[in-house]
file my_file.tsv (TSV, C-alpha atoms and all ligand atoms)
chain	number	residue	atom	x	y	z
A	1468	MET	CA	0.00	0.00	0.00
A	1469	ASN	CA	1.20	3.52	-0.66
A	1470	ARG	CA	2.45	5.90	2.00
A	1471	VAL	CA	-0.03	7.32	4.49
A	1472	ARG	CA	-0.83	10.95	3.79
A	1473	ILE	CA	-1.97	13.53	6.34
A	1474	ALA	CA	-4.54	16.19	5.48
A	1475	PRO	CA	-4.90	18.92	8.14
A	1476	SER	CA	-8.40	20.41	8.23
A	1477	VAL	CA	-8.32	24.19	8.48
A	1478	LEU	CA	-11.66	24.14	10.28
A	1479	SER	CA	-9.47	23.98	13.41
A	1480	ALA	CA	-6.98	26.62	12.25
A	1481	ASP	CA	-6.83	30.27	13.30
A	1482	LEU	CA	-8.64	31.72	10.29
A	1483	ALA	CA	-7.40	35.24	10.98
A	1484	ARG	CA	-3.95	33.83	10.17
A	1485	LEU	CA	-4.96	31.38	7.45
A	1486	GLY	CA	-1.87	31.85	5.30
A	1487	ASP	CA	0.52	31.37	8.21
A	1488	GLU	CA	-1.44	28.37	9.46
A	1489	ILE	CA	-1.32	26.65	6.07
A	1490	ARG	CA	2.39	27.43	5.64
A	1491	ASP	CA	3.04	26.06	9.12
A	1492	VAL	CA	1.50	22.65	8.38
A	1493	GLU	CA	3.04	22.59	4.90
A	1494	SER	CA	6.52	23.07	6.34
A	1495	GLY	CA	5.55	20.57	9.06
A	1496	GLY	CA	5.11	17.83	6.46
A	1497	ALA	CA	1.39	17.92	5.62
A	1498	ASP	CA	0.58	16.22	2.32
A	1499	ILE	CA	-2.82	17.75	1.59
A	1500	ILE	CA	-4.88	20.70	2.85
A	1501	HIS	CA	-8.47	19.71	3.73
A	1502	LEU	CA	-11.13	22.41	3.36
A	1503	ASP	CA	-14.59	21.82	4.84
A	1504	VAL	CA	-17.37	23.62	3.00
A	1505	ILE	CA	-20.57	23.46	5.09
A	1506	ASP	CA	-23.83	25.16	4.18
A	1507	GLY	CA	-25.87	24.93	7.40
A	1508	ARG	CA	-28.36	22.65	5.65
A	1509	PHE	CA	-26.58	19.41	4.92
A	1510	ALA	CA	-24.74	19.74	8.23
A	1511	PRO	CA	-25.31	22.06	11.18
A	1512	ASN	CA	-22.61	24.67	10.72
A	1513	ILE	CA	-21.78	27.31	8.14
A	1514	THR	CA	-18.18	27.75	7.09
A	1515	TRP	CA	-17.06	29.22	3.78
A	1516	GLY	CA	-17.13	28.85	0.02
A	1517	GLN	CA	-15.02	29.42	-3.07
A	1518	PRO	CA	-13.29	32.63	-1.86
A	1519	LEU	CA	-11.53	30.79	0.95
A	1520	VAL	CA	-10.50	27.97	-1.38
A	1521	ARG	CA	-9.04	30.59	-3.73
A	1522	ALA	CA	-7.21	32.23	-0.82
A	1523	ALA	CA	-5.75	28.89	0.24
A	1524	ARG	CA	-4.72	28.23	-3.37
A	1525	GLY	CA	-2.69	31.40	-3.25
A	1526	VAL	CA	-0.53	30.35	-0.32
A	1527	THR	CA	0.30	26.68	-0.91
A	1528	LYS	CA	1.34	24.24	-3.61
A	1529	LEU	CA	-0.15	21.32	-1.67
A	1530	PRO	CA	-3.22	19.63	-3.13
A	1531	LEU	CA	-6.49	21.15	-1.87
A	1532	ASP	CA	-9.05	18.57	-0.83
A	1533	VAL	CA	-12.46	20.24	-0.80
A	1534	HIS	CA	-15.01	18.35	1.30
A	1535	LEU	CA	-18.44	19.61	0.32
A	1536	MET	CA	-21.04	19.20	3.06
A	1537	ILE	CA	-23.73	20.99	1.09
A	1538	VAL	CA	-27.05	20.19	-0.50
A	1539	GLU	CA	-27.18	20.19	-4.32
A	1540	PRO	CA	-23.39	19.96	-4.70
A	1541	ASP	CA	-23.78	19.60	-8.48
A	1542	ARG	CA	-24.56	23.34	-8.66
A	1543	HIS	CA	-21.15	24.33	-7.34
A	1544	ILE	CA	-18.59	22.02	-8.94
A	1545	GLU	CA	-17.37	24.48	-11.55
A	1546	GLY	CA	-16.94	27.21	-8.93
A	1547	PHE	CA	-14.76	25.07	-6.71
A	1548	ALA	CA	-12.79	23.76	-9.67
A	1549	GLU	CA	-12.08	27.33	-10.79
A	1550	ALA	CA	-11.18	28.35	-7.23
A	1551	GLY	CA	-8.30	25.88	-7.32
A	1552	ALA	CA	-9.50	22.65	-5.72
A	1553	ASP	CA	-7.55	19.52	-6.64
A	1554	VAL	CA	-9.94	17.00	-5.11
A	1555	ILE	CA	-13.66	17.71	-4.89
A	1556	GLY	CA	-15.78	15.50	-2.68
A	1557	ILE	CA	-19.55	15.23	-2.50
A	1558	HIS	CA	-21.65	13.35	0.04
A	1559	VAL	CA	-23.51	10.37	-1.38
A	1560	GLU	CA	-26.47	11.37	0.80
A	1561	ALA	CA	-26.63	14.80	-0.85
A	1562	ASP	CA	-26.82	13.84	-4.51
A	1563	LEU	CA	-29.41	11.73	-6.32
A	1564	HIS	CA	-27.25	11.76	-9.45
A	1565	ALA	CA	-23.80	11.16	-8.08
A	1566	PRO	CA	-22.35	9.50	-11.22
A	1567	ARG	CA	-23.09	12.63	-13.20
A	1568	THR	CA	-21.62	14.99	-10.59
A	1569	LEU	CA	-18.51	12.85	-10.11
A	1570	THR	CA	-18.01	12.72	-13.87
A	1571	ARG	CA	-18.34	16.48	-13.97
A	1572	ILE	CA	-15.66	16.83	-11.30
A	1573	ARG	CA	-13.31	14.74	-13.44
A	1574	SER	CA	-14.21	16.74	-16.55
A	1575	PHE	CA	-12.45	19.72	-14.94
A	1576	GLY	CA	-9.32	17.61	-14.47
A	1577	LYS	CA	-9.96	17.21	-10.72
A	1578	LYS	CA	-10.00	14.10	-8.59
A	1579	SER	CA	-13.46	12.96	-7.58
A	1580	SER	CA	-14.28	11.90	-4.05
A	1581	ILE	CA	-17.45	10.39	-2.61
A	1582	THR	CA	-18.14	10.81	1.10
A	1583	LEU	CA	-20.22	8.55	3.33
A	1584	ASN	CA	-21.74	9.61	6.65
A	1585	PRO	CA	-21.15	7.22	9.57
A	1586	GLN	CA	-24.59	5.64	9.18
A	1587	THR	CA	-24.33	5.14	5.41
A	1588	GLY	CA	-23.43	1.60	4.35
A	1589	LEU	CA	-20.78	0.59	1.85
A	1590	GLU	CA	-23.49	-0.75	-0.47
A	1591	SER	CA	-24.07	2.89	-1.43
A	1592	LEU	CA	-20.81	2.57	-3.40
A	1593	ASP	CA	-22.07	-0.38	-5.45
A	1594	TYR	CA	-22.54	1.54	-8.68
A	1595	LEU	CA	-20.12	4.37	-8.01
A	1596	LEU	CA	-16.59	3.05	-7.70
A	1597	GLU	CA	-15.80	3.52	-11.38
A	1598	PHE	CA	-16.51	7.24	-10.99
A	1599	VAL	CA	-14.28	7.95	-7.98
A	1600	ASP	CA	-10.62	8.50	-7.19
A	1601	GLN	CA	-11.22	8.62	-3.44
A	1602	VAL	CA	-13.75	7.44	-0.86
A	1603	LEU	CA	-14.02	9.55	2.30
A	1604	LEU	CA	-15.48	7.70	5.26
A	1605	MET	CA	-16.75	10.01	8.01
A	1606	SER	CA	-15.92	8.88	11.53
A	1607	VAL	CA	-18.01	11.64	13.13
A	1608	ASN	CA	-21.29	13.25	12.14
A	1609	PRO	CA	-20.24	16.06	9.82
A	1610	GLY	CA	-20.25	19.67	10.95
A	1611	PHE	CA	-17.58	20.36	13.53
A	1612	SER	CA	-14.00	19.66	14.50
A	1613	GLY	CA	-13.12	18.12	17.83
A	1614	GLN	CA	-15.82	15.44	17.97
A	1615	LYS	CA	-15.44	11.93	19.31
A	1616	PHE	CA	-14.41	9.19	16.90
A	1617	LEU	CA	-17.10	6.60	16.12
A	1618	PRO	CA	-15.36	3.21	16.24
A	1619	SER	CA	-17.89	1.59	13.88
A	1620	VAL	CA	-15.89	3.12	11.02
A	1621	LEU	CA	-12.99	0.73	11.65
A	1622	PRO	CA	-14.64	-2.43	10.24
A	1623	LYS	CA	-16.03	-0.23	7.47
A	1624	VAL	CA	-12.53	0.88	6.46
A	1625	ARG	CA	-11.32	-2.72	6.56
A	1626	ALA	CA	-14.18	-3.97	4.37
A	1627	LEU	CA	-13.68	-1.16	1.87
A	1628	ARG	CA	-9.92	-1.78	1.70
A	1629	GLU	CA	-10.54	-5.47	1.00
A	1630	ARG	CA	-13.03	-4.63	-1.72
A	1631	ILE	CA	-10.81	-2.04	-3.42
A	1632	ASP	CA	-7.78	-4.33	-3.33
A	1633	ARG	CA	-9.78	-7.33	-4.57
A	1634	LEU	CA	-10.98	-5.27	-7.53
A	1635	GLY	CA	-7.45	-3.96	-8.14
A	1636	LEU	CA	-8.59	-0.33	-8.01
A	1637	ALA	CA	-6.35	2.65	-7.18
A	1638	ILE	CA	-8.86	4.44	-4.97
A	1639	ASP	CA	-7.71	6.33	-1.89
A	1640	ILE	CA	-9.47	5.69	1.40
A	1641	GLU	CA	-9.63	8.86	3.48
A	1642	VAL	CA	-11.06	9.05	7.00
A	1643	ASP	CA	-12.29	12.25	8.66
A	1644	GLY	CA	-13.21	12.95	12.28
A	1645	GLY	CA	-11.63	12.28	15.64
A	1646	VAL	CA	-8.31	11.13	14.20
A	1647	ASP	CA	-5.74	11.19	17.01
A	1648	ASP	CA	-2.85	9.25	18.52
A	1649	ILE	CA	-5.14	6.32	19.41
A	1650	THR	CA	-7.31	6.13	16.31
A	1651	ALA	CA	-4.72	6.93	13.61
A	1652	PRO	CA	-2.77	3.66	13.98
A	1653	GLN	CA	-6.04	1.72	14.09
A	1654	LEU	CA	-7.21	3.37	10.86
A	1655	ILE	CA	-3.90	2.78	9.10
A	1656	GLU	CA	-3.94	-0.85	10.16
A	1657	ALA	CA	-7.49	-1.19	8.81
A	1658	GLY	CA	-6.40	0.19	5.43
A	1659	ALA	CA	-6.94	3.94	5.36
A	1660	ASN	CA	-4.24	5.82	3.45
A	1661	ILE	CA	-5.30	9.46	3.96
A	1662	LEU	CA	-6.10	10.81	7.43
A	1663	VAL	CA	-7.82	14.16	7.92
A	1664	SER	CA	-7.12	15.95	11.16
A	1665	GLY	CA	-8.44	19.19	12.58
A	1666	GLN	CA	-7.85	19.35	16.31
A	1667	THR	CA	-4.96	16.94	16.61
A	1668	VAL	CA	-2.83	18.95	14.18
A	1669	PHE	CA	-3.98	22.55	14.61
A	1670	GLY	CA	-4.57	22.12	18.34
A	1671	SER	CA	-0.91	21.13	18.80
A	1672	ALA	CA	1.82	23.67	19.41
A	1673	ASP	CA	4.20	21.54	17.33
A	1674	ARG	CA	2.29	20.71	14.15
A	1675	ALA	CA	5.21	18.88	12.53
A	1676	LYS	CA	5.39	16.51	15.47
A	1677	ALA	CA	1.63	15.90	15.39
A	1678	ILE	CA	1.76	15.14	11.66
A	1679	ARG	CA	4.63	12.68	12.11
A	1680	MET	CA	2.81	11.03	14.99
A	1681	LEU	CA	-0.40	10.59	12.95
A	1682	ARG	CA	1.53	9.15	10.03
A	1683	GLY	CA	3.28	6.72	12.34
A	1684	ASP	CA	6.73	8.13	11.63
A	1685	GLY	CA	7.52	8.31	15.35
A	1686	SER	CA	8.17	11.61	17.10
B	1	LIG	C1	-16.17	17.64	10.22
B	1	LIG	C2	-15.12	17.92	9.21
B	1	LIG	C3	-13.75	17.55	9.60
B	1	LIG	C4	-13.25	18.18	10.87
B	1	LIG	C5	-12.34	17.18	11.52
B	1	LIG	O1	-17.41	17.75	9.65
B	1	LIG	O2	-15.41	17.23	8.00
B	1	LIG	O3	-12.82	17.70	8.54
B	1	LIG	O4	-12.57	19.40	10.68
B	1	LIG	O5	-11.91	17.67	12.75
B	1	LIG	P1	-11.28	16.71	13.87
B	1	LIG	O6	-10.06	16.05	13.28
B	1	LIG	O7	-10.95	17.66	14.99
B	1	LIG	O8	-12.34	15.70	14.25
B	2	ZN	ZN	-13.86	17.21	6.43
call {"tool": "encode", "arguments": {"input": "my_file.tsv", "output": "structure tokens"}}
result
Amino acid sequence: MNRVRIAPSVLSADLARLGDEIRDVESGGADIIHLDVIDGRFAPNITWGQPLVRAARGVTKLPLDVHLMIVEPDRHIEGFAEAGADVIGIHVEADLHAPRTLTRIRSFGKKSSITLNPQTGLESLDYLLEFVDQVLLMSVNPGFSGQKFLPSVLPKVRALRERIDRLGLAIDIEVDGGVDDITAPQLIEAGANILVSGQTVFGSADRAKAIRMLRGDGS
């Protein structure tokens, strides 16, 4: 399996210092910057939209992983592609026509990601895997940083890893929510290869150390 990548979520960053915060985790070894777009309808919080993605694009060369927690995501794909996203993810629960939206994401030369809430079963991927470059499994209910990890995602990661490997597909498995020193090694062992982290990275004084710890590189 390829190297584990760490994607700090700027939902836990000091937004008044966004550029410095992103540069800090980039120099600390982050692989990806994770940007949570929440509309207050799909999930109970309101964050930001394309302008913040564009601002982040201006301060880092790292891939931008845009996690859309919005209703009708198909209406906003072009905007996020133009703003500089590299990966655009939609929730399977938010789109009745996911194959079309995922194909649209790819048509802009972006990686497509499908996200599953904790309660959503893997069978929801049955007719979607050919359209995705990444599956994001939520390990908290979407909306906020700093929530408690739901351990039921562990067997879900394992089953998805087995399925992807059996089919010989090159699909990343990303996990988001409550990733910390206890849960990161469990997720890696189960087969996740991208870990999102809000609090554990941005809540640490030494972000480089937190990133190494999550990746399992020791401290
Ligand atoms: C939650 C977001 C996450 C969040 C993770 O809806 O999708 O990306 O920022 O934060 P932690 O790692 O603190 O659970
Ligand atoms: Zn997220």
call {"tool": "residues_around", "arguments": {"input": "my_file.tsv", "residues": "range 1473-1478 of chain A", "least_positions_apart": "4", "cutoff": "7 Å", "atoms": "only C-alpha atoms", "output": "PyMOL selection string"}}
result
chain A and resi 1497-1503+1612+1661-1665+1668+1678+1682
call {"tool": "residues_around", "arguments": {"input": "my_file.tsv", "residues": "Thr1582 in chain A", "least_positions_apart": "6", "cutoff": "10 Å", "atoms": "all atoms listed in the file", "output": "list in words"}}
result
His1534, Leu1535, Met1536, Gly1556, Ile1557, His1558, Val1559, Glu1560, Ala1561, Leu1592, Gln1601, Val1602, Leu1603, Leu1604, Met1605, Glu1641, Val1642 and Asp1643 of chain A
call {"tool": "closest_residue", "arguments": {"input": "my_file.tsv", "among": "A:Lys1623, A:Arg1542, A:Arg1567, A:Arg1472", "to": "Leu1681 in chain A", "atoms": "only C-alpha atoms"}}
result
A:Arg1472
call {"tool": "residues_around", "arguments": {"input": "my_file.tsv", "residues": "Leu1485 in chain A", "least_positions_apart": "3", "cutoff": "10 Å", "atoms": "only C-alpha atoms", "output": "ChimeraX atom specification"}}
result
/A:1477,1480-1482,1488-1491,1519,1522-1523,1526
call {"tool": "closest_residue", "arguments": {"input": "my_file.tsv", "among": "A:Ala1548, A:His1543, A:Ser1479, A:Pro1530", "to": "Thr1667 in chain A", "atoms": "only C-alpha atoms"}}
result
A:Ser1479
call {"tool": "atom_distance", "arguments": {"input": "my_file.tsv", "atom1": "CA of Asn1608 in chain A", "atom2": "CA of Pro1585 in chain A"}}
result
6.6 Å
call {"tool": "build_atoms", "arguments": {"input": "my_file.tsv", "residues": "range 1618-1654 of chain A", "atoms": "N, CA and C atoms", "output": "PDB file, keeping the file's coordinate frame"}}
result
ATOM      1  N   PRO A1618     -16.177   4.377  16.581  1.00  0.00           N
ATOM      2  CA  PRO A1618     -15.360   3.210  16.240  1.00  0.00           C
ATOM      3  C   PRO A1618     -15.965   2.290  15.190  1.00  0.00           C
ATOM      4  N   SER A1619     -17.264   2.441  14.907  1.00  0.00           N
ATOM      5  CA  SER A1619     -17.890   1.590  13.880  1.00  0.00           C
ATOM      6  C   SER A1619     -17.281   1.808  12.504  1.00  0.00           C
ATOM      7  N   VAL A1620     -16.510   2.891  12.334  1.00  0.00           N
ATOM      8  CA  VAL A1620     -15.890   3.120  11.020  1.00  0.00           C
ATOM      9  C   VAL A1620     -14.721   2.159  10.771  1.00  0.00           C
ATOM     10  N   LEU A1621     -14.178   1.588  11.835  1.00  0.00           N
ATOM     11  CA  LEU A1621     -12.990   0.730  11.650  1.00  0.00           C
ATOM     12  C   LEU A1621     -13.293  -0.512  10.791  1.00  0.00           C
ATOM     13  N   PRO A1622     -14.322  -1.312  11.135  1.00  0.00           N
ATOM     14  CA  PRO A1622     -14.640  -2.430  10.240  1.00  0.00           C
ATOM     15  C   PRO A1622     -15.074  -1.975   8.854  1.00  0.00           C
ATOM     16  N   LYS A1623     -15.609  -0.773   8.776  1.00  0.00           N
ATOM     17  CA  LYS A1623     -16.030  -0.230   7.470  1.00  0.00           C
ATOM     18  C   LYS A1623     -14.800   0.049   6.599  1.00  0.00           C
ATOM     19  N   VAL A1624     -13.773   0.627   7.204  1.00  0.00           N
ATOM     20  CA  VAL A1624     -12.530   0.880   6.460  1.00  0.00           C
ATOM     21  C   VAL A1624     -11.941  -0.449   5.995  1.00  0.00           C
ATOM     22  N   ARG A1625     -11.922  -1.416   6.887  1.00  0.00           N
ATOM     23  CA  ARG A1625     -11.320  -2.720   6.560  1.00  0.00           C
ATOM     24  C   ARG A1625     -12.059  -3.373   5.379  1.00  0.00           C
ATOM     25  N   ALA A1626     -13.388  -3.350   5.443  1.00  0.00           N
ATOM     26  CA  ALA A1626     -14.180  -3.970   4.370  1.00  0.00           C
ATOM     27  C   ALA A1626     -13.974  -3.237   3.050  1.00  0.00           C
ATOM     28  N   LEU A1627     -13.882  -1.927   3.110  1.00  0.00           N
ATOM     29  CA  LEU A1627     -13.680  -1.160   1.870  1.00  0.00           C
ATOM     30  C   LEU A1627     -12.287  -1.421   1.305  1.00  0.00           C
ATOM     31  N   ARG A1628     -11.291  -1.490   2.165  1.00  0.00           N
ATOM     32  CA  ARG A1628      -9.920  -1.780   1.700  1.00  0.00           C
ATOM     33  C   ARG A1628      -9.875  -3.145   1.006  1.00  0.00           C
ATOM     34  N   GLU A1629     -10.530  -4.128   1.605  1.00  0.00           N
ATOM     35  CA  GLU A1629     -10.540  -5.470   1.000  1.00  0.00           C
ATOM     36  C   GLU A1629     -11.194  -5.425  -0.380  1.00  0.00           C
ATOM     37  N   ARG A1630     -12.284  -4.713  -0.451  1.00  0.00           N
ATOM     38  CA  ARG A1630     -13.030  -4.630  -1.720  1.00  0.00           C
ATOM     39  C   ARG A1630     -12.208  -3.927  -2.802  1.00  0.00           C
ATOM     40  N   ILE A1631     -11.599  -2.804  -2.441  1.00  0.00           N
ATOM     41  CA  ILE A1631     -10.810  -2.040  -3.420  1.00  0.00           C
ATOM     42  C   ILE A1631      -9.603  -2.852  -3.888  1.00  0.00           C
ATOM     43  N   ASP A1632      -8.954  -3.533  -2.956  1.00  0.00           N
ATOM     44  CA  ASP A1632      -7.780  -4.330  -3.330  1.00  0.00           C
ATOM     45  C   ASP A1632      -8.198  -5.540  -4.178  1.00  0.00           C
ATOM     46  N   ARG A1633      -9.299  -6.154  -3.803  1.00  0.00           N
ATOM     47  CA  ARG A1633      -9.780  -7.330  -4.570  1.00  0.00           C
ATOM     48  C   ARG A1633     -10.090  -6.923  -6.002  1.00  0.00           C
ATOM     49  N   LEU A1634     -10.628  -5.742  -6.178  1.00  0.00           N
ATOM     50  CA  LEU A1634     -10.980  -5.270  -7.530  1.00  0.00           C
ATOM     51  C   LEU A1634      -9.771  -4.657  -8.247  1.00  0.00           C
ATOM     52  N   GLY A1635      -8.667  -4.518  -7.529  1.00  0.00           N
ATOM     53  CA  GLY A1635      -7.450  -3.960  -8.140  1.00  0.00           C
ATOM     54  C   GLY A1635      -7.588  -2.490  -8.499  1.00  0.00           C
ATOM     55  N   LEU A1636      -8.358  -1.740  -7.710  1.00  0.00           N
ATOM     56  CA  LEU A1636      -8.590  -0.330  -8.010  1.00  0.00           C
ATOM     57  C   LEU A1636      -7.605   0.554  -7.245  1.00  0.00           C
ATOM     58  N   ALA A1637      -7.264   1.692  -7.837  1.00  0.00           N
ATOM     59  CA  ALA A1637      -6.350   2.650  -7.180  1.00  0.00           C
ATOM     60  C   ALA A1637      -7.166   3.781  -6.574  1.00  0.00           C
ATOM     61  N   ILE A1638      -7.999   3.442  -5.604  1.00  0.00           N
ATOM     62  CA  ILE A1638      -8.860   4.440  -4.970  1.00  0.00           C
ATOM     63  C   ILE A1638      -8.339   4.700  -3.558  1.00  0.00           C
ATOM     64  N   ASP A1639      -8.152   5.980  -3.247  1.00  0.00           N
ATOM     65  CA  ASP A1639      -7.710   6.330  -1.890  1.00  0.00           C
ATOM     66  C   ASP A1639      -8.852   6.169  -0.897  1.00  0.00           C
ATOM     67  N   ILE A1640      -8.492   5.734   0.309  1.00  0.00           N
ATOM     68  CA  ILE A1640      -9.470   5.690   1.400  1.00  0.00           C
ATOM     69  C   ILE A1640      -9.054   6.733   2.431  1.00  0.00           C
ATOM     70  N   GLU A1641      -9.886   7.763   2.546  1.00  0.00           N
ATOM     71  CA  GLU A1641      -9.630   8.860   3.480  1.00  0.00           C
ATOM     72  C   GLU A1641     -10.624   8.742   4.639  1.00  0.00           C
ATOM     73  N   VAL A1642     -10.173   9.068   5.832  1.00  0.00           N
ATOM     74  CA  VAL A1642     -11.060   9.050   7.000  1.00  0.00           C
ATOM     75  C   VAL A1642     -10.990  10.415   7.677  1.00  0.00           C
ATOM     76  N   ASP A1643     -12.157  10.871   8.171  1.00  0.00           N
ATOM     77  CA  ASP A1643     -12.290  12.250   8.660  1.00  0.00           C
ATOM     78  C   ASP A1643     -13.113  12.268   9.933  1.00  0.00           C
ATOM     79  N   GLY A1644     -12.486  12.741  11.033  1.00  0.00           N
ATOM     80  CA  GLY A1644     -13.210  12.950  12.280  1.00  0.00           C
ATOM     81  C   GLY A1644     -12.620  12.185  13.447  1.00  0.00           C
ATOM     82  N   GLY A1645     -12.133  12.927  14.439  1.00  0.00           N
ATOM     83  CA  GLY A1645     -11.630  12.280  15.640  1.00  0.00           C
ATOM     84  C   GLY A1645     -10.357  11.474  15.439  1.00  0.00           C
ATOM     85  N   VAL A1646      -9.573  11.844  14.444  1.00  0.00           N
ATOM     86  CA  VAL A1646      -8.310  11.130  14.200  1.00  0.00           C
ATOM     87  C   VAL A1646      -7.268  11.657  15.186  1.00  0.00           C
ATOM     88  N   ASP A1647      -6.727  10.770  16.006  1.00  0.00           N
ATOM     89  CA  ASP A1647      -5.740  11.190  17.010  1.00  0.00           C
ATOM     90  C   ASP A1647      -4.699  10.097  17.229  1.00  0.00           C
ATOM     91  N   ASP A1648      -3.945  10.210  18.301  1.00  0.00           N
ATOM     92  CA  ASP A1648      -2.850   9.250  18.520  1.00  0.00           C
ATOM     93  C   ASP A1648      -3.349   7.826  18.723  1.00  0.00           C
ATOM     94  N   ILE A1649      -4.585   7.668  19.212  1.00  0.00           N
ATOM     95  CA  ILE A1649      -5.140   6.320  19.410  1.00  0.00           C
ATOM     96  C   ILE A1649      -5.733   5.789  18.115  1.00  0.00           C
ATOM     97  N   THR A1650      -6.543   6.633  17.453  1.00  0.00           N
ATOM     98  CA  THR A1650      -7.310   6.130  16.310  1.00  0.00           C
ATOM     99  C   THR A1650      -6.505   6.082  15.017  1.00  0.00           C
ATOM    100  N   ALA A1651      -5.495   6.937  14.871  1.00  0.00           N
ATOM    101  CA  ALA A1651      -4.720   6.930  13.610  1.00  0.00           C
ATOM    102  C   ALA A1651      -4.083   5.574  13.335  1.00  0.00           C
ATOM    103  N   PRO A1652      -3.355   4.969  14.295  1.00  0.00           N
ATOM    104  CA  PRO A1652      -2.770   3.660  13.980  1.00  0.00           C
ATOM    105  C   PRO A1652      -3.817   2.593  13.697  1.00  0.00           C
ATOM    106  N   GLN A1653      -4.972   2.696  14.345  1.00  0.00           N
ATOM    107  CA  GLN A1653      -6.040   1.720  14.090  1.00  0.00           C
ATOM    108  C   GLN A1653      -6.561   1.868  12.656  1.00  0.00           C
ATOM    109  N   LEU A1654      -6.698   3.113  12.223  1.00  0.00           N
ATOM    110  CA  LEU A1654      -7.210   3.370  10.860  1.00  0.00           C
ATOM    111  C   LEU A1654      -6.205   2.927   9.809  1.00  0.00           C
TER     112      LEU A1654
END
